[in-house]
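K.L.:
I'd like to ask some things about the structure below.
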Amino acid sequence: MGLPSGWVTDVPSLSRAQQLRALGNGVVPRQAVAAITHLLDRAIRRETDKEAA
């Protein structure tokens with residue numbers, strides 16, 4: 001996910017639910033980058049295929 005190992009999980013006083021809450025939307029930016037990259041790659045491939053046809 002991009003955080004150092006144990007960033008949240010090595011805090012012994014936090015429950016699993018509290019760990020997830022502490023992370024919050026921290027995963028969203030990386031997921032967004034992956035999704036946008038995938039969609040752009042598909043769009044570029046489609047345009048390239050149209051031009052080749």
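A note on labels: chains of the structure tokens are A, B, ... as shown, every chain counts residues from 1, and ligands are counted from 1 in their shown order.
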With DSSP run on the backbone, what are the helix (DSSP H, G or I) residues within chain A? I'd like them as a PyMOL selection string.
P.N.:
chain A and resi 16-52
K.L.:
Counting only C-alpha atoms, what is within 12 Å of Leu23 in chain A, bar same-chain residues fewer than 5 positions away, as a list of chain:residue names?
P.N.:
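Surrounding residues, per the criterion: A:Met1, A:Gly2, A:Leu3, A:Gly6, A:Trp7, A:Val8, A:Thr9, A:Leu14, A:Arg16, A:Ala17, A:Gln18, A:Val28.
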K.L.:
Keeping N, CA, C and O atoms, export the residues of the selection given above as a PDB file, in the first residue's frame.
P.N.:
ATOM      1  N   MET A   1       0.823  -1.188   0.000  1.00  0.00           N
ATOM      2  CA  MET A   1       0.000   0.000   0.000  1.00  0.00           C
ATOM      3  C   MET A   1       0.863   1.245   0.000  1.00  0.00           C
ATOM      4  O   MET A   1       0.369   2.336  -0.176  1.00  0.00           O
ATOM      5  N   GLY A   2       2.112   1.098   0.231  1.00  0.00           N
ATOM      6  CA  GLY A   2       2.970   2.262   0.188  1.00  0.00           C
ATOM      7  C   GLY A   2       3.421   2.766   1.541  1.00  0.00           C
ATOM      8  O   GLY A   2       4.265   3.643   1.627  1.00  0.00           O
ATOM      9  N   LEU A   3       2.861   2.232   2.603  1.00  0.00           N
ATOM     10  CA  LEU A   3       3.288   2.622   3.945  1.00  0.00           C
ATOM     11  C   LEU A   3       4.332   1.630   4.440  1.00  0.00           C
ATOM     12  O   LEU A   3       4.331   0.466   4.044  1.00  0.00           O
ATOM     13  N   GLY A   6       4.143  -2.311   9.240  1.00  0.00           N
ATOM     14  CA  GLY A   6       3.830  -2.073  10.642  1.00  0.00           C
ATOM     15  C   GLY A   6       3.406  -0.651  10.967  1.00  0.00           C
ATOM     16  O   GLY A   6       3.212  -0.315  12.127  1.00  0.00           O
ATOM     17  N   TRP A   7       3.244   0.183   9.972  1.00  0.00           N
ATOM     18  CA  TRP A   7       2.887   1.597  10.183  1.00  0.00           C
ATOM     19  C   TRP A   7       1.689   1.726  11.125  1.00  0.00           C
ATOM     20  O   TRP A   7       1.679   2.555  12.011  1.00  0.00           O
ATOM     21  N   VAL A   8       0.693   0.897  10.932  1.00  0.00           N
ATOM     22  CA  VAL A   8      -0.499   0.922  11.784  1.00  0.00           C
ATOM     23  C   VAL A   8      -0.617  -0.375  12.576  1.00  0.00           C
ATOM     24  O   VAL A   8      -1.015  -0.361  13.724  1.00  0.00           O
ATOM     25  N   THR A   9      -0.207  -1.484  11.956  1.00  0.00           N
ATOM     26  CA  THR A   9      -0.453  -2.780  12.580  1.00  0.00           C
ATOM     27  C   THR A   9       0.465  -3.096  13.752  1.00  0.00           C
ATOM     28  O   THR A   9       0.178  -4.008  14.514  1.00  0.00           O
ATOM     29  N   LEU A  14      -4.310  -0.979  19.264  1.00  0.00           N
ATOM     30  CA  LEU A  14      -5.365  -0.762  18.281  1.00  0.00           C
ATOM     31  C   LEU A  14      -5.991  -2.080  17.840  1.00  0.00           C
ATOM     32  O   LEU A  14      -5.297  -3.031  17.488  1.00  0.00           O
ATOM     33  N   ARG A  16      -8.380  -4.296  15.131  1.00  0.00           N
ATOM     34  CA  ARG A  16      -8.383  -4.338  13.660  1.00  0.00           C
ATOM     35  C   ARG A  16      -9.252  -3.213  13.097  1.00  0.00           C
ATOM     36  O   ARG A  16      -8.863  -2.527  12.148  1.00  0.00           O
ATOM     37  N   ALA A  17     -10.413  -3.003  13.688  1.00  0.00           N
ATOM     38  CA  ALA A  17     -11.310  -1.936  13.233  1.00  0.00           C
ATOM     39  C   ALA A  17     -10.648  -0.566  13.393  1.00  0.00           C
ATOM     40  O   ALA A  17     -10.753   0.297  12.519  1.00  0.00           O
ATOM     41  N   GLN A  18      -9.949  -0.362  14.486  1.00  0.00           N
ATOM     42  CA  GLN A  18      -9.263   0.912  14.711  1.00  0.00           C
ATOM     43  C   GLN A  18      -8.108   1.100  13.724  1.00  0.00           C
ATOM     44  O   GLN A  18      -7.856   2.217  13.270  1.00  0.00           O
ATOM     45  N   VAL A  28      -6.996   5.021  -1.196  1.00  0.00           N
ATOM     46  CA  VAL A  28      -7.702   5.544  -2.362  1.00  0.00           C
ATOM     47  C   VAL A  28      -6.768   6.144  -3.416  1.00  0.00           C
ATOM     48  O   VAL A  28      -6.932   5.853  -4.598  1.00  0.00           O
TER      49      VAL A  28
END
